[in-house]
Each structure stands twice: as structure tokens, then as C-alpha cells.
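The file query16.txt contains compact mmCIF, C-alpha atoms and all ligand atoms:
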```txt
# COMPACT_ATOMS: atom_id res chain seq x y z
CA MET A 1 6.68 -15.69 20.16
CA LYS A 2 6.18 -16.28 23.90
CA GLU A 3 3.14 -14.71 25.53
CA ASN A 4 5.15 -12.53 27.90
CA SER A 5 7.58 -11.29 25.23
CA ARG A 6 7.97 -7.56 24.78
CA ILE A 7 6.57 -6.49 21.43
CA ASP A 8 7.41 -3.15 19.80
CA VAL A 9 5.09 -3.51 16.85
CA LEU A 10 2.46 -5.83 15.38
CA ILE A 11 2.34 -6.03 11.59
CA THR A 12 -0.80 -7.19 9.77
CA GLY A 13 -0.47 -8.82 6.34
CA GLY A 14 2.99 -9.94 7.43
CA THR A 15 3.47 -12.24 4.43
CA GLY A 16 2.24 -9.64 1.92
CA ARG A 17 4.68 -7.72 -0.25
CA LEU A 18 4.96 -4.58 1.85
CA GLY A 19 4.35 -6.38 5.15
CA SER A 20 7.26 -8.76 4.66
CA ILE A 21 9.68 -5.98 3.63
CA VAL A 22 8.69 -3.76 6.56
CA THR A 23 9.05 -6.72 8.95
CA ARG A 24 12.53 -7.57 7.65
CA LEU A 25 13.68 -3.96 7.88
CA LEU A 26 12.36 -3.42 11.40
CA ARG A 27 13.98 -6.65 12.59
CA THR A 28 17.36 -5.61 11.19
CA LYS A 29 16.98 -2.43 13.25
CA GLY A 30 16.32 -4.40 16.40
CA TRP A 31 12.56 -3.95 16.69
CA GLU A 32 10.62 -6.84 18.27
CA CYS A 33 8.01 -7.55 15.61
CA LEU A 34 4.96 -9.74 15.79
CA SER A 35 4.36 -10.12 12.07
CA LEU A 36 1.18 -12.09 11.40
CA ASP A 37 -0.43 -13.41 8.26
CA ARG A 38 -4.11 -13.52 7.48
CA LYS A 39 -4.64 -16.93 9.13
CA GLU A 40 -3.03 -15.76 12.38
CA PHE A 41 -4.56 -12.28 12.48
CA ASP A 42 -7.61 -11.83 10.29
CA VAL A 43 -8.91 -8.29 10.50
CA THR A 44 -12.47 -9.49 9.84
CA ASP A 45 -12.29 -11.48 13.13
CA TYR A 46 -12.62 -8.88 15.90
CA ASP A 47 -12.55 -11.32 18.81
CA GLY A 48 -9.55 -13.24 17.47
CA MET A 49 -7.59 -10.00 17.05
CA ALA A 50 -8.64 -8.66 20.44
CA ARG A 51 -7.34 -11.83 22.13
CA ILE A 52 -3.90 -11.42 20.53
CA ILE A 53 -3.70 -7.71 21.35
CA GLU A 54 -4.65 -8.40 24.97
CA ILE A 55 -1.81 -10.89 25.25
CA PHE A 56 0.95 -8.89 23.55
CA HIS A 57 -0.09 -5.24 24.06
CA PRO A 58 1.81 -3.86 21.05
CA PRO A 59 2.20 -0.08 21.35
CA LEU A 60 1.92 0.21 17.54
CA ILE A 61 0.17 -1.72 14.78
CA ILE A 62 1.34 -1.35 11.17
CA HIS A 63 -1.64 -2.39 9.07
CA THR A 64 -0.29 -3.45 5.67
CA GLY A 65 -2.89 -6.22 5.23
CA GLY A 66 -5.77 -5.61 2.92
CA TYR A 67 -7.91 -6.70 0.02
CA THR A 68 -5.69 -5.44 -2.82
CA ASP A 69 -7.27 -6.82 -6.02
CA VAL A 70 -8.59 -3.62 -7.60
CA ASP A 71 -10.52 -5.41 -10.37
CA GLY A 72 -11.69 -8.20 -8.07
CA ALA A 73 -13.23 -5.61 -5.73
CA GLU A 74 -15.82 -4.69 -8.38
CA ARG A 75 -17.22 -8.25 -8.33
CA ASP A 76 -16.32 -9.21 -4.79
CA TRP A 77 -17.18 -5.88 -3.17
CA ARG A 78 -18.57 -7.43 0.01
CA GLN A 79 -15.19 -9.00 0.74
CA ALA A 80 -13.29 -5.81 -0.20
CA MET A 81 -15.50 -3.80 2.19
CA ALA A 82 -15.31 -6.48 4.91
CA VAL A 83 -11.51 -6.41 4.87
CA ASN A 84 -10.58 -2.83 4.02
CA PHE A 85 -13.42 -0.92 5.69
CA VAL A 86 -14.91 -3.12 8.44
CA GLY A 87 -11.58 -4.87 9.12
CA THR A 88 -9.79 -1.54 9.56
CA GLU A 89 -12.65 -0.32 11.74
CA ASN A 90 -12.23 -3.45 13.90
CA LEU A 91 -8.55 -2.67 14.29
CA ALA A 92 -9.24 1.00 15.06
CA ARG A 93 -11.71 -0.04 17.80
CA ILE A 94 -9.12 -2.33 19.33
CA CYS A 95 -6.46 0.40 19.16
CA GLN A 96 -8.90 2.81 20.82
CA ASN A 97 -9.61 0.34 23.64
CA GLU A 98 -5.99 -0.68 24.14
CA GLY A 99 -4.30 2.68 23.50
CA CYS A 100 -2.20 1.48 20.51
CA GLU A 101 -1.03 3.67 17.66
CA LEU A 102 -2.12 2.58 14.19
CA LEU A 103 -0.42 3.06 10.83
CA TYR A 104 -2.67 2.36 7.82
CA LEU A 105 -1.72 2.11 4.16
CA SER A 106 -4.16 3.83 1.84
CA THR A 107 -4.17 4.63 -1.82
CA ASP A 108 -4.20 7.28 -4.57
CA TYR A 109 -7.42 5.54 -5.72
CA VAL A 110 -9.37 7.52 -3.11
CA PHE A 111 -9.26 10.32 -5.73
CA ASP A 112 -11.22 10.53 -8.99
CA GLY A 113 -8.29 11.74 -11.10
CA GLU A 114 -10.07 14.81 -12.44
CA LYS A 115 -7.68 17.32 -10.87
CA GLU A 116 -4.80 17.00 -13.34
CA SER A 117 -2.26 18.37 -10.86
CA PRO A 118 -0.78 16.56 -7.85
CA TYR A 119 -3.21 15.71 -5.05
CA TYR A 120 -2.70 17.13 -1.56
CA GLU A 121 -3.94 15.61 1.69
CA GLU A 122 -6.65 18.32 1.90
CA ASP A 123 -8.14 17.45 -1.51
CA GLU A 124 -11.60 15.93 -1.42
CA PRO A 125 -11.57 12.16 -1.97
CA ASN A 126 -14.05 10.83 -4.52
CA PRO A 127 -13.20 7.24 -5.48
CA ILE A 128 -14.33 5.92 -8.85
CA ASN A 129 -13.92 2.22 -8.01
CA LEU A 130 -15.01 0.01 -5.14
CA TYR A 131 -11.48 -0.74 -4.01
CA GLY A 132 -11.01 3.04 -3.55
CA TRP A 133 -14.27 3.27 -1.56
CA SER A 134 -13.26 0.36 0.65
CA LYS A 135 -9.85 1.91 1.43
CA LEU A 136 -11.45 5.31 2.07
CA GLY A 137 -13.89 3.61 4.46
CA GLY A 138 -10.84 2.35 6.36
CA GLU A 139 -9.49 5.92 6.58
CA TYR A 140 -12.78 7.27 7.93
CA ALA A 141 -12.97 4.47 10.50
CA ILE A 142 -9.55 5.53 11.81
CA LEU A 143 -10.25 9.28 11.72
CA SER A 144 -13.47 8.84 13.68
CA ARG A 145 -11.84 6.83 16.50
CA LEU A 146 -8.14 7.58 16.90
CA LYS A 147 -5.87 10.51 17.63
CA HIS A 148 -2.61 8.59 17.36
CA TYR A 149 -2.70 7.34 13.79
CA TYR A 150 -0.63 7.58 10.63
CA ILE A 151 -2.36 7.18 7.28
CA ILE A 152 -0.02 6.93 4.30
CA ARG A 153 -1.62 7.21 0.89
CA THR A 154 0.74 5.75 -1.69
CA SER A 155 0.57 4.62 -5.31
CA PHE A 156 1.63 2.10 -7.96
CA LEU A 157 3.97 -0.06 -5.84
CA PHE A 158 6.76 -1.99 -7.54
CA GLY A 159 9.81 -4.01 -6.56
CA ALA A 160 8.40 -7.26 -5.15
CA ARG A 161 7.09 -10.57 -6.49
CA GLY A 162 3.85 -10.38 -8.47
CA ASP A 163 4.15 -6.64 -9.11
CA PHE A 164 3.59 -4.75 -12.37
CA ILE A 165 7.15 -5.55 -13.51
CA ASP A 166 6.48 -9.28 -13.10
CA ARG A 167 3.30 -8.85 -15.13
CA ILE A 168 5.28 -7.08 -17.86
CA LEU A 169 7.86 -9.88 -17.93
CA THR A 170 5.11 -12.51 -18.09
CA GLY A 171 3.43 -10.58 -20.91
CA ILE A 172 6.68 -10.61 -22.88
CA LYS A 173 6.54 -14.39 -23.14
CA SER A 174 3.54 -14.00 -25.45
CA GLY A 175 5.68 -11.79 -27.75
CA ARG A 176 3.65 -8.61 -27.26
CA LEU A 177 2.43 -6.42 -24.48
CA SER A 178 -0.76 -4.44 -24.30
CA PHE A 179 -1.75 -1.69 -21.91
CA VAL A 180 -4.65 0.62 -21.35
CA PRO A 181 -3.21 4.09 -22.06
CA GLY A 182 -3.26 6.77 -19.34
CA ASN A 183 -3.33 6.12 -15.57
CA PHE A 184 -0.68 8.66 -14.63
CA ALA A 185 0.66 8.04 -11.13
CA ALA A 186 3.89 8.10 -9.16
CA PRO A 187 5.52 4.66 -9.06
CA THR A 188 6.73 3.78 -5.57
CA TYR A 189 9.44 1.28 -4.71
CA TYR A 190 8.44 -1.09 -1.91
CA PRO A 191 11.79 -0.89 -0.04
CA ASP A 192 11.80 2.94 -0.22
CA LEU A 193 8.28 3.01 1.20
CA ALA A 194 9.27 0.55 3.93
CA LYS A 195 12.21 2.77 4.96
CA ALA A 196 9.93 5.80 5.03
CA ILE A 197 7.43 3.97 7.25
CA VAL A 198 10.19 3.13 9.69
CA GLU A 199 11.27 6.78 9.70
CA LEU A 200 7.72 8.04 10.27
CA ILE A 201 6.84 5.81 13.21
CA THR A 202 9.68 7.21 15.28
CA THR A 203 8.49 10.82 14.82
CA ARG A 204 5.04 10.63 16.46
CA ARG A 205 3.95 13.16 13.84
CA TYR A 206 0.48 11.73 13.39
CA GLY A 207 -1.87 12.42 10.51
CA ILE A 208 -2.42 11.75 6.82
CA TYR A 209 0.55 11.75 4.46
CA HIS A 210 0.84 11.37 0.72
CA LEU A 211 4.00 9.49 -0.14
CA SER A 212 5.48 8.15 -3.35
CA ASN A 213 8.77 8.22 -5.19
CA GLN A 214 9.32 11.54 -6.97
CA GLY A 215 8.15 12.06 -10.56
CA PHE A 216 5.25 10.33 -12.27
CA CYS A 217 4.44 8.45 -15.46
CA SER A 218 1.81 6.37 -17.23
CA ARG A 219 1.83 2.57 -17.01
CA TYR A 220 2.92 2.61 -20.66
CA ARG A 221 5.95 4.80 -19.94
CA PHE A 222 6.87 2.69 -16.94
CA ALA A 223 6.71 -0.49 -19.04
CA THR A 224 8.87 1.18 -21.69
CA ALA A 225 11.43 2.17 -19.04
CA VAL A 226 11.55 -1.41 -17.75
CA LEU A 227 12.03 -2.87 -21.24
CA ASN A 228 14.71 -0.31 -22.14
CA ARG A 229 16.66 -0.99 -18.96
CA LEU A 230 16.50 -4.73 -19.56
CA GLY A 231 17.38 -4.34 -23.27
CA ILE A 232 14.19 -6.10 -24.38
CA ASP A 233 12.70 -5.18 -27.75
CA VAL A 234 8.97 -5.90 -27.67
CA GLU A 235 6.13 -3.92 -29.17
CA ILE A 236 3.76 -2.34 -26.65
CA ILE A 237 0.23 -2.06 -27.96
CA PRO A 238 -2.38 0.32 -26.49
CA MET A 239 -5.66 -1.46 -25.82
CA PRO A 240 -9.15 -0.49 -24.65
CA PRO A 241 -9.94 -1.41 -21.02
CA PRO A 242 -11.32 -4.96 -20.70
CA ARG A 243 -14.96 -5.07 -19.60
CA ASP A 244 -14.19 -6.54 -16.19
CA MET A 245 -11.48 -3.98 -15.39
CA ALA A 246 -12.28 -1.51 -12.60
CA PRO A 247 -12.19 2.14 -13.66
CA ARG A 248 -8.99 3.87 -12.58
CA PRO A 249 -8.32 7.57 -12.09
CA HIS A 250 -6.75 9.02 -15.22
CA TYR A 251 -4.31 11.04 -13.10
CA SER A 252 -3.64 10.23 -9.44
CA VAL A 253 -0.24 11.74 -8.75
CA LEU A 254 0.23 12.42 -5.03
CA SER A 255 2.16 15.43 -3.77
CA SER A 256 4.52 14.46 -0.95
CA SER A 257 4.99 18.11 0.08
CA ARG A 258 3.45 17.63 3.54
CA TRP A 259 5.86 14.76 4.13
CA GLN A 260 8.79 16.99 3.25
CA LYS A 261 7.48 19.99 5.20
CA SER A 262 7.36 17.69 8.24
CA GLY A 263 11.13 17.30 7.95
CA LEU A 264 10.94 13.76 6.57
CA LYS A 265 13.30 12.62 3.84
CA PRO A 266 11.79 12.72 0.33
CA LEU A 267 11.95 9.48 -1.64
CA ARG A 268 14.26 9.41 -4.66
CA PHE A 269 12.95 9.71 -8.24
CA TRP A 270 11.13 6.60 -9.46
CA GLN A 271 13.62 6.17 -12.33
CA ASP A 272 16.51 5.87 -9.85
CA ALA A 273 14.61 3.37 -7.73
CA LEU A 274 13.69 1.35 -10.82
CA HIS A 275 17.29 1.37 -12.00
CA HIS A 276 18.44 0.16 -8.58
CA TYR A 277 15.84 -2.62 -8.52
CA LEU A 278 16.50 -3.87 -12.04
CA THR A 279 20.27 -3.75 -11.57
CA ASP A 280 20.19 -5.61 -8.28
CA PHE A 281 17.41 -8.11 -8.84
CA HIS A 282 17.03 -8.84 -12.57
N1 LIG B 301 0.17 -2.52 -4.41
C1 LIG B 301 -0.08 -1.25 -4.68
O1 LIG B 301 0.20 -0.74 -5.79
C2 LIG B 301 -0.69 -0.36 -3.61
C3 LIG B 301 -0.92 1.01 -3.89
C4 LIG B 301 -1.46 1.81 -2.88
C5 LIG B 301 -1.75 1.28 -1.64
N2 LIG B 301 -1.53 -0.04 -1.40
C6 LIG B 301 -1.86 -0.58 -0.07
O2 LIG B 301 -0.64 -1.00 0.55
C7 LIG B 301 -0.90 -2.13 1.39
C8 LIG B 301 0.11 -3.24 1.09
O3 LIG B 301 -0.01 -3.62 -0.29
P1 LIG B 301 0.76 -4.87 -0.88
O4 LIG B 301 1.04 -4.54 -2.30
O5 LIG B 301 1.85 -5.28 0.03
O6 LIG B 301 -0.41 -5.96 -0.83
P2 LIG B 301 -0.32 -7.57 -0.87
O7 LIG B 301 1.01 -8.04 -1.29
O8 LIG B 301 -1.53 -8.00 -1.65
O9 LIG B 301 -0.52 -7.94 0.67
C9 LIG B 301 -1.74 -7.83 1.32
C10 LIG B 301 -1.74 -8.79 2.47
O10 LIG B 301 -2.97 -8.63 3.18
C11 LIG B 301 -3.38 -9.91 3.59
N3 LIG B 301 -4.81 -9.96 3.89
C12 LIG B 301 -5.85 -10.14 3.04
N4 LIG B 301 -6.99 -10.22 3.71
C13 LIG B 301 -6.68 -10.06 5.02
C14 LIG B 301 -7.43 -10.09 6.22
N5 LIG B 301 -8.75 -10.30 6.21
N6 LIG B 301 -6.79 -9.92 7.40
C15 LIG B 301 -5.43 -9.74 7.45
N7 LIG B 301 -4.67 -9.73 6.35
C16 LIG B 301 -5.28 -9.89 5.14
C17 LIG B 301 -3.03 -10.82 2.41
O11 LIG B 301 -3.01 -12.16 2.83
P3 LIG B 301 -3.35 -13.33 1.76
O12 LIG B 301 -2.20 -13.31 0.79
O13 LIG B 301 -3.41 -14.55 2.62
O14 LIG B 301 -4.65 -12.96 1.14
C18 LIG B 301 -1.67 -10.27 2.03
O15 LIG B 301 -0.65 -10.91 2.77
C19 LIG B 301 -2.35 -2.52 1.17
O16 LIG B 301 -3.12 -2.01 2.23
C20 LIG B 301 -2.74 -1.82 -0.12
O17 LIG B 301 -4.12 -1.48 -0.14
C21 LIG B 301 -1.00 -0.87 -2.34
```

Output the file's structure in the form of C-alpha cells.
Amino acid sequence: MKENSRIDVLITGGTGRLGSIVTRLLRTKGWECLSLDRKEFDVTDYDGMARIIEIFHPPLIIHTGGYTDVDGAERDWRQAMAVNFVGTENLARICQNEGCELLYLSTDYVFDGEKESPYYEEDEPNPINLYGWSKLGGEYAILSRLKHYYIIRTSFLFGARGDFIDRILTGIKSGRLSFVPGNFAAPTYYPDLAKAIVELITTRRYGIYHLSNQGFCSRYRFATAVLNRLGIDVEIIPMPPPRDMAPRPHYSVLSSSRWQKSGLKPLRFWQDALHHYLTDFH
């Protein structure tokens, strides 16, 4: 990308699962994207980022990059905080100085899962793992500095390499699958989320949104749906959580009602998205 090129949007985590899908989609729609990976645009490096922003002046940054290993964050919490909290704060400071809009991806894991009915944007966050705290820190950093921001809390993403479906298919090779029961959430298809992001950024309706595909299920039910669709007969065994596994909210279903009330298109049911993905790509 030449230094004097016009840029419509800068995407962090450009080689990540969501980042690469969002980049591809925006480019097909004619957006000039500067999509950068961690080496090119490390959110823990304030000065390095500031230099790039000063050169390209993107009016919008879509921040899909992040420390995303939920279990790893319990051991490696300094890195999780450095990337998700301090890194997002760095970006928010730069956006404040340069007048850019910022879109940040957050998570259902900001909630403790005690509510047992869908979570609204107004519900009080109370993470029960360090990944959740680090992502919530990123939200607070944005709220305290910016007016022109979008925060999308989403959940249980599937439909790209290395996702839960890939882990199921790898597990099958050992002849049996085991899952910790519970963890009810709304599965969300990466390409559906990417489309929704593209829709949102043209509205200038700033704020926090909960967004997932419609419906919800446990990881166990999701795995069963995948196996049924693929015609694979393997026993799924419930197992206790391994000792090094981060605690997860028992129930973290997000209500997308604010999204819909804002006139934005609801995502389809997760079963339809899963069917589409497995039919097209497996
Ligand atoms: N996956 C889910 O189920 C889920 C659910 C809710 C919310 N989210 C959020 O959605 C976003 C996208 O998730 P995803 O599934 O696409 O994650 P992903 O595939 O793990 O991608 C994350 C990207 O962030 C990059 N990254 C890591 N450290 C960075 C740093 N210091 N500076 C800049 N980039 C850095 C990674 O680069 P390297 O590969 O080089 O490390 C990777 O390309 C994340 O913010 C995540 O927290 C995900």
C-alpha cells in the first residue's frame, strides 16, 4: 500500500479468522482496506501504531485482533491484559487523537452466566475468567475515551479454520469425543458476523451491541448437530472440566434485540448457518 493511498478502513488482526473474512468482504464491496497482521500492527506497540495511523489516516479501525486463548489467559494473564486491555486502550488513545472511529469485538464472557435468561447490553458485566476481564478492560478503555465507537459482543464463533468444528473433527480421529456439559451460548457464524459488521459501520449508530446467530445451545448439542449433519456416528462422552481449563459462564446467551430495534438485520438461526457451512465446506 503506497503512503499516499486513500484508506477507508484499517483492520487489526488481519490474518485472524474474523479479520481475514471481514477484509475479504469489504474488498469485494470496493472498500480500500489496510489489513495488517500482528507483526505489521501490534497493538502493544503504541508508537509503531501511531506512525502507521499518521501516514494513512484511516477514518475507521476495525479491531478484530486480540489474545483469544481463553484457557491460556489464566496462565498468561499478563499477555492477555497487555493485548486485550492495554492494546485496546492504546488504539482508543490513537483514535481519540486522530479522530478515527473504532469498532471492537468483545465477548459474552464479560458475563458470569448466573442470569439464566438472555443478556442485554445494560446487564452488569462480571467476568469469571481472565480472558473476560481482559476483554472488558478493552471495552472500558474505549468507553472512557471515545464517542464514535462500536462495541460488538458476540459468542461461540464457528465457520473458519481451527474453530470448534475442526476440534470436533480432530477429536473424532481418536474414536470418541468428550465435552464438559453446559456452556449454553448462541453459536455465531463468522461470515454472518462479518456481513453484520459491514452493515453496522455504514449506519454511524454508535454504541454497544450484542450480536449472535439466533437460538442457542450447549457445546454438546452443537457437536451432536455437527455429527448428525455429517452422518458420523461417534459416542460423545460428558467429562469434568480439566484442571487447567478456565471457568466459563454456564449460560451466556446474548439478546440481539437492541441490534434489531436499531433497524439492523437479525442473523439467521445458528442451525441454518451451520447447515450452510457444512454443506458448502465439508
Ligand atoms: N472466537 C470466538 O469464539 C470469539 C467469541 C467472542 C468474541 N471473539 C472476539 O472476536 C475477535 C476475533 O476473533 P477470532 O476468532 O477471529 O480470533 P483469532 O482467529 O484468534 O484472531 C486473532 C488475531 O489477533 C492477532 N493478534 C494477537 N495479538 C495481537 C497483537 N498484540 N496485536 C495485533 N494483533 C494481534 C492474532 O495474530 P497471531 O495469529 O499472529 O497471534 C490473530 O491474527 C477477537 O477480538 C475475539 O476476542 C471471539

>> Can you work out which residues are within 8 Å of ligand LIG 301 (chain B), considering all atoms listed in the file, and then hand them over as JSON, numbers by chain?
In response: {"A": [12, 13, 14, 15, 16, 17, 18, 19, 20, 37, 38, 39, 41, 42, 43, 44, 45, 63, 64, 65, 66, 67, 68, 69, 82, 83, 84, 87, 104, 105, 106, 107, 108, 109, 135, 153, 154, 155, 156, 157, 158, 163, 188]}

> Which residues come within 9 Å of Tyr149 of chain A, counting all atoms listed in the file, excluding same-chain residues fewer than 6 positions away, as JSON, numbers by chain?
Replying inline: {"A": [100, 101, 102, 103, 104, 142, 143, 204, 205, 206, 207, 208]}

Given the selection you just returned, output its residues as a file containing C-alpha atoms, formatted as a PDB file, keeping the file's coordinate frame.
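Writing done, so here's out18.pdb:
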```pdb
ATOM      1  CA  CYS A 100      -2.200   1.480  20.510  1.00  0.00           C
ATOM      2  CA  GLU A 101      -1.030   3.670  17.660  1.00  0.00           C
ATOM      3  CA  LEU A 102      -2.120   2.580  14.190  1.00  0.00           C
ATOM      4  CA  LEU A 103      -0.420   3.060  10.830  1.00  0.00           C
ATOM      5  CA  TYR A 104      -2.670   2.360   7.820  1.00  0.00           C
ATOM      6  CA  ILE A 142      -9.550   5.530  11.810  1.00  0.00           C
ATOM      7  CA  LEU A 143     -10.250   9.280  11.720  1.00  0.00           C
ATOM      8  CA  ARG A 204       5.040  10.630  16.460  1.00  0.00           C
ATOM      9  CA  ARG A 205       3.950  13.160  13.840  1.00  0.00           C
ATOM     10  CA  TYR A 206       0.480  11.730  13.390  1.00  0.00           C
ATOM     11  CA  GLY A 207      -1.870  12.420  10.510  1.00  0.00           C
ATOM     12  CA  ILE A 208      -2.420  11.750   6.820  1.00  0.00           C
TER      13      ILE A 208
END
```

> Can you find the residues with an atom no farther than 7 Å from (1.7, -8.6, 18.8), counting all atoms listed in the file, and report them as an MDAnalysis selection string?
Replying inline: chainID A and resid 7 9:10 34 52:53 56:58

>> Just checking: using only C-alpha atoms, which residue out of A:Glu32, A:Glu89, A:Glu114, A:Asp272 ends up closest to Gly215 of chain A?
In response: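 Comparing A:Glu32, A:Glu89, A:Glu114, A:Asp272 against Gly215 of chain A, the winner is A:Asp272.
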
>> Report, in Å to a single decimal, how far apart atom CA of Gly137 of chain A and atom CA of Glu98 of chain A are.
In response: 21.6 Å

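Of the listed residues (A:Gly171, A:Pro118, A:Pro249, A:Pro266), A:Pro266 comes nearest to Asn213 of chain A; the distances count only C-alpha atoms.
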
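Between atom CA of Val234 of chain A and atom CA of Arg176 of chain A lies a distance of 6.0 Å.
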
> Between A:Val86, A:Ala160, A:Ile61, A:Ile128, which one has atoms that come closest to Tyr140 of chain A, using all atoms listed in the file?
Replying inline: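 Among the listed residues, A:Val86 lies closest to Tyr140 of chain A.
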
> Expressed in Å to a single decimal, how great is the separation between atom CA of Glu122 of chain A and atom CA of Phe85 of chain A?
Replying inline: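 Rounded to one decimal, the two atoms are 20.7 Å apart.
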
>> Ranking A:Leu227, A:Trp133, A:Asp192, A:Arg6 by minimum distance to Ile55 of chain A and counting all atoms listed in the file, which one comes first?
In response: A:Arg6

>> So, with only C-alpha atoms as the atoms that count, which of A:Asp244, A:Asp8, A:Asp47, A:Glu116 lies closest to Leu60 of chain A?
In response: A:Asp8

>> Can you tell me which residues surround Ser256 of chain A at a distance of at most 10 Å, considering only C-alpha atoms, apart from same-chain residues fewer than 3 positions away, and format the answer as a list in words?
In response: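 Contacts, in chain order: Pro118, Tyr119, Tyr120, Glu121, Arg153, Thr154, Tyr209, His210, Leu211, Ser212, Asn213, Gln214, Val253, Trp259, Gln260, Lys261, Leu264, Pro266 and Leu267 of chain A.
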